[in-house]
Amino acid sequence: MKYRWLRGMVLRVLYPVLMIVGSFKKDKKEQMQRFVINLNNKLVRAENLKTKKILLLLPHCLQIDECTIRLTHNIYNCEGCGRCEIKDLIQIADENELNLSVATGGTLARRIVKDIEPEVVVAVACERDLSSGIVDTYPLPVLGIPNERPFGPCLNTQVDLEKVKEAIRFFSQ
């Protein structure tokens, strides 16, 4: 319980202060968001929650931009071509019997969380969306995994699948 309270202080007090500072030091803003995500993850882990009611929430930019199938409404429309990691993430979700959703942005992500009502969330996104989403869904425990952006923001992003699997194992074992 004390970790949840501390997490609330980080998300409701420290995060806004850092974002104000970040508005003056734009080159440090993503670094500050990453700091908040990492601190949140440590505090969520300290709570040591175990559940099977996990939502794996993904950004649409994990899907390769040349794909003709839009997965936002139903990720299971994926044809499994292997050009992006969606096929692997579907397999991970199915093996662990998780809810799996793709969001195009923060508003849709919050609606998905509200509709599914998970006990915990494993979320993948850029630092900006991840940090604001963690704040918006507090007190719900969220383990955030920043995506990798070899082609720049919002285009053919990637995620470390081992980090996703580890986060799921943490909540489920």
# chains A, B, ... in the order shown; residues from 1 in each chain; ligands from 1

$ residues_around --residues "Ala109 of chain A" --least-positions-apart "6" --cutoff "10 Å" --atoms "only C-alpha atoms" --output "list in words"
Leu57, Leu58, Pro59, Ser101, Val102, Ala103, Asp115, Ala123, Asp129, Gly133 and Thr137 of chain A

$ select_by_dssp --residues "chain A" --states "helix (DSSP H, G or I)" --output "ChimeraX atom specification"
/A:2-24,26-47,60-62,75-77,86-95,106-116,127-137,161-172

$ write_last_selection --atoms "C-alpha atoms" --output "short mmCIF file (atom, residue, chain, number, x, y, z; two decimals), in the first residue's frame"
data_model
loop_
_atom_site.label_atom_id
_atom_site.label_comp_id
_atom_site.auth_asym_id
_atom_site.auth_seq_id
_atom_site.Cartn_x
_atom_site.Cartn_y
_atom_site.Cartn_z
CA LYS A 2 2.85 2.40 0.79
CA TYR A 3 4.29 1.86 -2.68
CA ARG A 4 0.96 2.73 -4.29
CA TRP A 5 0.86 5.96 -2.29
CA LEU A 6 4.45 6.73 -3.28
CA ARG A 7 3.65 5.93 -6.91
CA GLY A 8 0.76 8.40 -6.65
CA MET A 9 3.12 11.10 -5.41
CA VAL A 10 5.53 10.43 -8.28
CA LEU A 11 2.76 10.51 -10.87
CA ARG A 12 0.65 13.35 -9.46
CA VAL A 13 3.39 15.65 -8.13
CA LEU A 14 6.85 14.82 -9.53
CA TYR A 15 5.71 14.12 -13.11
CA PRO A 16 3.94 17.49 -13.60
CA VAL A 17 6.95 19.33 -12.13
CA LEU A 18 9.31 17.48 -14.47
CA MET A 19 7.08 18.24 -17.46
CA ILE A 20 7.11 21.95 -16.60
CA VAL A 21 10.90 21.83 -16.40
CA GLY A 22 10.90 19.81 -19.63
CA SER A 23 8.94 22.52 -21.40
CA PHE A 24 11.94 24.81 -20.86
CA LYS A 26 13.06 20.32 -24.52
CA ASP A 27 16.22 18.29 -25.11
CA LYS A 28 15.78 16.72 -21.64
CA LYS A 29 12.03 16.10 -21.70
CA GLU A 30 12.16 12.52 -23.07
CA GLN A 31 14.88 11.69 -20.56
CA MET A 32 12.64 12.96 -17.74
CA GLN A 33 9.70 10.94 -19.06
CA ARG A 34 11.92 7.84 -19.16
CA PHE A 35 12.95 8.53 -15.55
CA VAL A 36 9.29 8.65 -14.45
CA ILE A 37 8.50 5.42 -16.36
CA ASN A 38 11.44 3.61 -14.75
CA LEU A 39 10.57 4.91 -11.28
CA ASN A 40 6.92 3.90 -11.78
CA ASN A 41 8.01 0.43 -12.92
CA LYS A 42 10.16 -0.01 -9.80
CA LEU A 43 7.28 1.02 -7.55
CA VAL A 44 4.79 -1.24 -9.38
CA ARG A 45 7.23 -4.13 -8.99
CA ALA A 46 7.58 -3.36 -5.28
CA GLU A 47 3.81 -3.80 -4.91
CA HIS A 60 -0.37 1.11 -33.72
CA CYS A 61 3.10 2.20 -34.86
CA LEU A 62 4.44 -1.31 -34.15
CA ILE A 75 -5.44 -7.05 -33.83
CA TYR A 76 -6.40 -10.61 -34.74
CA ASN A 77 -6.87 -9.47 -38.35
CA ILE A 86 2.58 -8.04 -34.10
CA LYS A 87 2.47 -11.77 -34.93
CA ASP A 88 4.85 -12.50 -32.02
CA LEU A 89 2.91 -10.28 -29.63
CA ILE A 90 -0.34 -12.04 -30.53
CA GLN A 91 1.33 -15.37 -29.81
CA ILE A 92 2.62 -14.10 -26.44
CA ALA A 93 -0.86 -12.81 -25.52
CA ASP A 94 -2.54 -16.07 -26.58
CA GLU A 95 -0.04 -18.24 -24.69
CA GLY A 106 -3.95 8.24 -25.62
CA THR A 107 -7.70 8.76 -25.89
CA LEU A 108 -8.29 5.33 -27.41
CA ALA A 109 -5.83 3.72 -24.98
CA ARG A 110 -7.72 5.15 -21.98
CA ARG A 111 -11.03 3.94 -23.44
CA ILE A 112 -9.61 0.43 -23.95
CA VAL A 113 -8.41 0.33 -20.33
CA LYS A 114 -11.80 1.55 -19.12
CA ASP A 115 -13.72 -0.99 -21.24
CA ILE A 116 -11.56 -4.02 -20.43
CA GLU A 127 8.05 7.82 -23.62
CA ARG A 128 5.57 10.67 -24.10
CA ASP A 129 2.50 8.46 -24.54
CA LEU A 130 3.67 5.93 -21.97
CA SER A 131 4.35 8.45 -19.21
CA SER A 132 1.09 10.35 -19.73
CA GLY A 133 -0.86 7.07 -19.96
CA ILE A 134 0.63 5.80 -16.71
CA VAL A 135 -0.39 9.06 -15.03
CA ASP A 136 -3.90 8.98 -16.53
CA THR A 137 -4.62 5.41 -15.40
CA LEU A 161 9.85 -9.03 -26.90
CA GLU A 162 11.86 -10.36 -23.95
CA LYS A 163 10.94 -7.27 -21.92
CA VAL A 164 7.27 -7.85 -22.74
CA LYS A 165 7.47 -11.52 -21.72
CA GLU A 166 9.30 -10.64 -18.50
CA ALA A 167 6.68 -8.05 -17.53
CA ILE A 168 3.89 -10.57 -18.12
CA ARG A 169 5.76 -13.22 -16.08
CA PHE A 170 6.22 -10.74 -13.26
CA PHE A 171 2.47 -10.19 -12.91
CA SER A 172 1.38 -13.76 -13.56
#

$ select_by_dssp --residues "chain A" --states "strand (DSSP E or B)" --output "ChimeraX atom specification"
/A:54-59,99-103,120-125,142-146,148,158

$ write_last_selection --atoms "C-alpha atoms" --output "mmCIF file, in the first residue's frame"
data_model
loop_
_atom_site.group_PDB
_atom_site.id
_atom_site.type_symbol
_atom_site.label_atom_id
_atom_site.label_comp_id
_atom_site.auth_asym_id
_atom_site.auth_seq_id
_atom_site.Cartn_x
_atom_site.Cartn_y
_atom_site.Cartn_z
ATOM 1 C CA ILE A 54 -3.562 -8.466 -17.649
ATOM 2 C CA LEU A 55 -4.020 -6.108 -20.578
ATOM 3 C CA LEU A 56 -1.197 -5.958 -23.115
ATOM 4 C CA LEU A 57 -1.626 -2.543 -24.722
ATOM 5 C CA LEU A 58 0.319 -1.744 -27.879
ATOM 6 C CA PRO A 59 0.759 1.319 -30.094
ATOM 7 C CA ASN A 99 -6.364 -9.217 -23.294
ATOM 8 C CA LEU A 100 -4.529 -7.622 -26.214
ATOM 9 C CA SER A 101 -5.321 -4.294 -27.835
ATOM 10 C CA VAL A 102 -3.784 -1.750 -30.161
ATOM 11 C CA ALA A 103 -4.386 1.967 -29.667
ATOM 12 C CA VAL A 120 -2.786 -4.523 -14.399
ATOM 13 C CA VAL A 121 -1.436 -3.280 -17.720
ATOM 14 C CA VAL A 122 1.724 -4.033 -19.646
ATOM 15 C CA ALA A 123 2.003 -1.098 -22.032
ATOM 16 C CA VAL A 124 4.308 -0.417 -24.954
ATOM 17 C CA ALA A 125 4.617 3.103 -26.356
ATOM 18 C CA VAL A 142 1.154 -0.254 -15.309
ATOM 19 C CA LEU A 143 4.519 -1.657 -16.325
ATOM 20 C CA GLY A 144 5.712 0.531 -19.172
ATOM 21 C CA ILE A 145 8.044 -0.613 -21.925
ATOM 22 C CA PRO A 146 9.319 2.170 -24.184
ATOM 23 C CA GLU A 148 12.381 1.399 -30.063
ATOM 24 C CA GLN A 158 9.778 -2.075 -32.430
#

$ atom_distance --atom1 "atom CA of Pro118 of chain A" --atom2 "atom CA of Lys53 of chain A"
5.4 Å

$ atom_distance --atom1 "atom CA of Leu49 of chain A" --atom2 "atom CA of Gln173 of chain A"
9.4 Å

$ atom_distance --atom1 "atom CA of Cys81 of chain A" --atom2 "atom CA of Arg149 of chain A"
20.5 Å

$ closest_residue --among "A:Pro141, A:Cys126, A:Gln63, A:Gly82" --to "Lys50 of chain A" --atoms "only C-alpha atoms"
A:Pro141

$ decode --residues "segment 107-156 of chain A" --atoms "N, CA and C atoms" --output "PDB file, in the first residue's frame"
ATOM      1  N   THR A 107      -6.253   8.800 -26.126  1.00  0.00           N
ATOM      2  CA  THR A 107      -7.697   8.757 -25.890  1.00  0.00           C
ATOM      3  C   THR A 107      -8.231   7.348 -26.082  1.00  0.00           C
ATOM      4  N   LEU A 108      -7.849   6.704 -27.162  1.00  0.00           N
ATOM      5  CA  LEU A 108      -8.289   5.329 -27.405  1.00  0.00           C
ATOM      6  C   LEU A 108      -7.706   4.374 -26.368  1.00  0.00           C
ATOM      7  N   ALA A 109      -6.463   4.583 -25.986  1.00  0.00           N
ATOM      8  CA  ALA A 109      -5.827   3.724 -24.977  1.00  0.00           C
ATOM      9  C   ALA A 109      -6.593   3.801 -23.657  1.00  0.00           C
ATOM     10  N   ARG A 110      -6.957   4.999 -23.239  1.00  0.00           N
ATOM     11  CA  ARG A 110      -7.718   5.154 -21.982  1.00  0.00           C
ATOM     12  C   ARG A 110      -9.087   4.478 -22.092  1.00  0.00           C
ATOM     13  N   ARG A 111      -9.722   4.579 -23.257  1.00  0.00           N
ATOM     14  CA  ARG A 111     -11.028   3.940 -23.445  1.00  0.00           C
ATOM     15  C   ARG A 111     -10.894   2.412 -23.383  1.00  0.00           C
ATOM     16  N   ILE A 112      -9.847   1.880 -23.987  1.00  0.00           N
ATOM     17  CA  ILE A 112      -9.607   0.432 -23.950  1.00  0.00           C
ATOM     18  C   ILE A 112      -9.432  -0.034 -22.512  1.00  0.00           C
ATOM     19  N   VAL A 113      -8.635   0.689 -21.740  1.00  0.00           N
ATOM     20  CA  VAL A 113      -8.413   0.327 -20.329  1.00  0.00           C
ATOM     21  C   VAL A 113      -9.729   0.381 -19.562  1.00  0.00           C
ATOM     22  N   LYS A 114     -10.518   1.408 -19.807  1.00  0.00           N
ATOM     23  CA  LYS A 114     -11.804   1.545 -19.120  1.00  0.00           C
ATOM     24  C   LYS A 114     -12.754   0.404 -19.494  1.00  0.00           C
ATOM     25  N   ASP A 115     -12.803   0.049 -20.773  1.00  0.00           N
ATOM     26  CA  ASP A 115     -13.718  -0.994 -21.240  1.00  0.00           C
ATOM     27  C   ASP A 115     -13.311  -2.389 -20.766  1.00  0.00           C
ATOM     28  N   ILE A 116     -12.023  -2.680 -20.794  1.00  0.00           N
ATOM     29  CA  ILE A 116     -11.555  -4.024 -20.433  1.00  0.00           C
ATOM     30  C   ILE A 116     -11.482  -4.223 -18.929  1.00  0.00           C
ATOM     31  N   GLU A 117     -11.211  -3.153 -18.192  1.00  0.00           N
ATOM     32  CA  GLU A 117     -11.092  -3.201 -16.735  1.00  0.00           C
ATOM     33  C   GLU A 117     -10.081  -4.251 -16.260  1.00  0.00           C
ATOM     34  N   PRO A 118      -8.835  -4.152 -16.734  1.00  0.00           N
ATOM     35  CA  PRO A 118      -7.819  -5.105 -16.270  1.00  0.00           C
ATOM     36  C   PRO A 118      -7.408  -4.790 -14.840  1.00  0.00           C
ATOM     37  N   GLU A 119      -6.731  -5.731 -14.209  1.00  0.00           N
ATOM     38  CA  GLU A 119      -6.172  -5.466 -12.879  1.00  0.00           C
ATOM     39  C   GLU A 119      -4.797  -4.823 -13.008  1.00  0.00           C
ATOM     40  N   VAL A 120      -4.091  -5.111 -14.111  1.00  0.00           N
ATOM     41  CA  VAL A 120      -2.786  -4.523 -14.399  1.00  0.00           C
ATOM     42  C   VAL A 120      -2.641  -4.358 -15.911  1.00  0.00           C
ATOM     43  N   VAL A 121      -1.689  -3.514 -16.306  1.00  0.00           N
ATOM     44  CA  VAL A 121      -1.436  -3.280 -17.720  1.00  0.00           C
ATOM     45  C   VAL A 121       0.062  -3.406 -17.987  1.00  0.00           C
ATOM     46  N   VAL A 122       0.384  -4.080 -19.075  1.00  0.00           N
ATOM     47  CA  VAL A 122       1.724  -4.033 -19.646  1.00  0.00           C
ATOM     48  C   VAL A 122       1.552  -3.202 -20.911  1.00  0.00           C
ATOM     49  N   ALA A 123       2.202  -2.032 -20.938  1.00  0.00           N
ATOM     50  CA  ALA A 123       2.003  -1.098 -22.032  1.00  0.00           C
ATOM     51  C   ALA A 123       3.304  -0.822 -22.774  1.00  0.00           C
ATOM     52  N   VAL A 124       3.190  -0.760 -24.081  1.00  0.00           N
ATOM     53  CA  VAL A 124       4.308  -0.417 -24.954  1.00  0.00           C
ATOM     54  C   VAL A 124       3.936   0.882 -25.656  1.00  0.00           C
ATOM     55  N   ALA A 125       4.854   1.836 -25.656  1.00  0.00           N
ATOM     56  CA  ALA A 125       4.617   3.103 -26.356  1.00  0.00           C
ATOM     57  C   ALA A 125       5.888   3.936 -26.290  1.00  0.00           C
ATOM     58  N   CYS A 126       5.850   5.093 -26.928  1.00  0.00           N
ATOM     59  CA  CYS A 126       6.960   6.035 -26.799  1.00  0.00           C
ATOM     60  C   CYS A 126       6.902   6.647 -25.399  1.00  0.00           C
ATOM     61  N   GLU A 127       7.975   7.270 -24.988  1.00  0.00           N
ATOM     62  CA  GLU A 127       8.051   7.824 -23.624  1.00  0.00           C
ATOM     63  C   GLU A 127       6.936   8.824 -23.347  1.00  0.00           C
ATOM     64  N   ARG A 128       6.617   9.663 -24.308  1.00  0.00           N
ATOM     65  CA  ARG A 128       5.573  10.671 -24.100  1.00  0.00           C
ATOM     66  C   ARG A 128       4.224  10.014 -23.827  1.00  0.00           C
ATOM     67  N   ASP A 129       3.806   9.101 -24.703  1.00  0.00           N
ATOM     68  CA  ASP A 129       2.502   8.457 -24.542  1.00  0.00           C
ATOM     69  C   ASP A 129       2.476   7.539 -23.329  1.00  0.00           C
ATOM     70  N   LEU A 130       3.588   6.865 -23.088  1.00  0.00           N
ATOM     71  CA  LEU A 130       3.669   5.933 -21.971  1.00  0.00           C
ATOM     72  C   LEU A 130       3.580   6.665 -20.642  1.00  0.00           C
ATOM     73  N   SER A 131       4.359   7.726 -20.484  1.00  0.00           N
ATOM     74  CA  SER A 131       4.352   8.446 -19.210  1.00  0.00           C
ATOM     75  C   SER A 131       2.996   9.097 -18.947  1.00  0.00           C
ATOM     76  N   SER A 132       2.402   9.714 -19.954  1.00  0.00           N
ATOM     77  CA  SER A 132       1.095  10.347 -19.731  1.00  0.00           C
ATOM     78  C   SER A 132       0.013   9.296 -19.501  1.00  0.00           C
ATOM     79  N   GLY A 133       0.109   8.151 -20.177  1.00  0.00           N
ATOM     80  CA  GLY A 133      -0.862   7.074 -19.965  1.00  0.00           C
ATOM     81  C   GLY A 133      -0.769   6.473 -18.576  1.00  0.00           C
ATOM     82  N   ILE A 134       0.435   6.318 -18.065  1.00  0.00           N
ATOM     83  CA  ILE A 134       0.628   5.802 -16.708  1.00  0.00           C
ATOM     84  C   ILE A 134       0.001   6.756 -15.706  1.00  0.00           C
ATOM     85  N   VAL A 135       0.206   8.055 -15.917  1.00  0.00           N
ATOM     86  CA  VAL A 135      -0.385   9.063 -15.028  1.00  0.00           C
ATOM     87  C   VAL A 135      -1.913   9.016 -15.116  1.00  0.00           C
ATOM     88  N   ASP A 136      -2.442   8.943 -16.323  1.00  0.00           N
ATOM     89  CA  ASP A 136      -3.895   8.981 -16.527  1.00  0.00           C
ATOM     90  C   ASP A 136      -4.614   7.770 -15.948  1.00  0.00           C
ATOM     91  N   THR A 137      -3.946   6.618 -15.878  1.00  0.00           N
ATOM     92  CA  THR A 137      -4.617   5.406 -15.402  1.00  0.00           C
ATOM     93  C   THR A 137      -4.339   5.101 -13.929  1.00  0.00           C
ATOM     94  N   TYR A 138      -3.526   5.946 -13.259  1.00  0.00           N
ATOM     95  CA  TYR A 138      -3.291   5.730 -11.837  1.00  0.00           C
ATOM     96  C   TYR A 138      -4.637   5.703 -11.113  1.00  0.00           C
ATOM     97  N   PRO A 139      -4.870   4.794 -10.179  1.00  0.00           N
ATOM     98  CA  PRO A 139      -3.960   3.924  -9.445  1.00  0.00           C
ATOM     99  C   PRO A 139      -3.721   2.546 -10.076  1.00  0.00           C
ATOM    100  N   LEU A 140      -4.226   2.316 -11.283  1.00  0.00           N
ATOM    101  CA  LEU A 140      -4.018   1.035 -11.947  1.00  0.00           C
ATOM    102  C   LEU A 140      -2.518   0.802 -12.157  1.00  0.00           C
ATOM    103  N   PRO A 141      -1.992  -0.345 -11.742  1.00  0.00           N
ATOM    104  CA  PRO A 141      -0.572  -0.623 -11.940  1.00  0.00           C
ATOM    105  C   PRO A 141      -0.257  -0.865 -13.419  1.00  0.00           C
ATOM    106  N   VAL A 142       0.735  -0.139 -13.914  1.00  0.00           N
ATOM    107  CA  VAL A 142       1.154  -0.254 -15.309  1.00  0.00           C
ATOM    108  C   VAL A 142       2.662  -0.453 -15.342  1.00  0.00           C
ATOM    109  N   LEU A 143       3.101  -1.511 -16.011  1.00  0.00           N
ATOM    110  CA  LEU A 143       4.519  -1.657 -16.325  1.00  0.00           C
ATOM    111  C   LEU A 143       4.703  -1.135 -17.740  1.00  0.00           C
ATOM    112  N   GLY A 144       5.509  -0.101 -17.881  1.00  0.00           N
ATOM    113  CA  GLY A 144       5.712   0.531 -19.172  1.00  0.00           C
ATOM    114  C   GLY A 144       6.993   0.080 -19.844  1.00  0.00           C
ATOM    115  N   ILE A 145       6.891  -0.204 -21.125  1.00  0.00           N
ATOM    116  CA  ILE A 145       8.044  -0.613 -21.925  1.00  0.00           C
ATOM    117  C   ILE A 145       8.162   0.366 -23.101  1.00  0.00           C
ATOM    118  N   PRO A 146       9.157   1.241 -23.059  1.00  0.00           N
ATOM    119  CA  PRO A 146       9.319   2.170 -24.184  1.00  0.00           C
ATOM    120  C   PRO A 146       9.653   1.415 -25.470  1.00  0.00           C
ATOM    121  N   ASN A 147       9.043   1.862 -26.567  1.00  0.00           N
ATOM    122  CA  ASN A 147       9.327   1.210 -27.843  1.00  0.00           C
ATOM    123  C   ASN A 147      10.645   1.731 -28.410  1.00  0.00           C
ATOM    124  N   GLU A 148      11.148   1.010 -29.378  1.00  0.00           N
ATOM    125  CA  GLU A 148      12.381   1.399 -30.063  1.00  0.00           C
ATOM    126  C   GLU A 148      11.976   2.031 -31.387  1.00  0.00           C
ATOM    127  N   ARG A 149      12.665   3.114 -31.763  1.00  0.00           N
ATOM    128  CA  ARG A 149      12.259   3.883 -32.932  1.00  0.00           C
ATOM    129  C   ARG A 149      13.415   4.046 -33.939  1.00  0.00           C
ATOM    130  N   PRO A 150      13.797   2.946 -34.587  1.00  0.00           N
ATOM    131  CA  PRO A 150      14.925   3.035 -35.527  1.00  0.00           C
ATOM    132  C   PRO A 150      14.632   3.901 -36.756  1.00  0.00           C
ATOM    133  N   PHE A 151      13.364   4.139 -37.062  1.00  0.00           N
ATOM    134  CA  PHE A 151      12.984   4.941 -38.220  1.00  0.00           C
ATOM    135  C   PHE A 151      12.366   6.276 -37.809  1.00  0.00           C
ATOM    136  N   GLY A 152      12.538   6.638 -36.545  1.00  0.00           N
ATOM    137  CA  GLY A 152      11.961   7.872 -36.026  1.00  0.00           C
ATOM    138  C   GLY A 152      10.643   7.587 -35.325  1.00  0.00           C
ATOM    139  N   PRO A 153      10.020   8.633 -34.781  1.00  0.00           N
ATOM    140  CA  PRO A 153       8.781   8.443 -34.032  1.00  0.00           C
ATOM    141  C   PRO A 153       7.609   8.007 -34.907  1.00  0.00           C
ATOM    142  N   CYS A 154       6.801   7.139 -34.361  1.00  0.00           N
ATOM    143  CA  CYS A 154       5.513   6.749 -34.951  1.00  0.00           C
ATOM    144  C   CYS A 154       5.616   6.039 -36.308  1.00  0.00           C
ATOM    145  N   LEU A 155       6.763   5.443 -36.609  1.00  0.00           N
ATOM    146  CA  LEU A 155       6.916   4.770 -37.890  1.00  0.00           C
ATOM    147  C   LEU A 155       7.702   3.479 -37.704  1.00  0.00           C
ATOM    148  N   ASN A 156       7.034   2.368 -37.944  1.00  0.00           N
ATOM    149  CA  ASN A 156       7.689   1.058 -37.889  1.00  0.00           C
ATOM    150  C   ASN A 156       8.518   0.876 -36.614  1.00  0.00           C
TER     151      ASN A 156
END
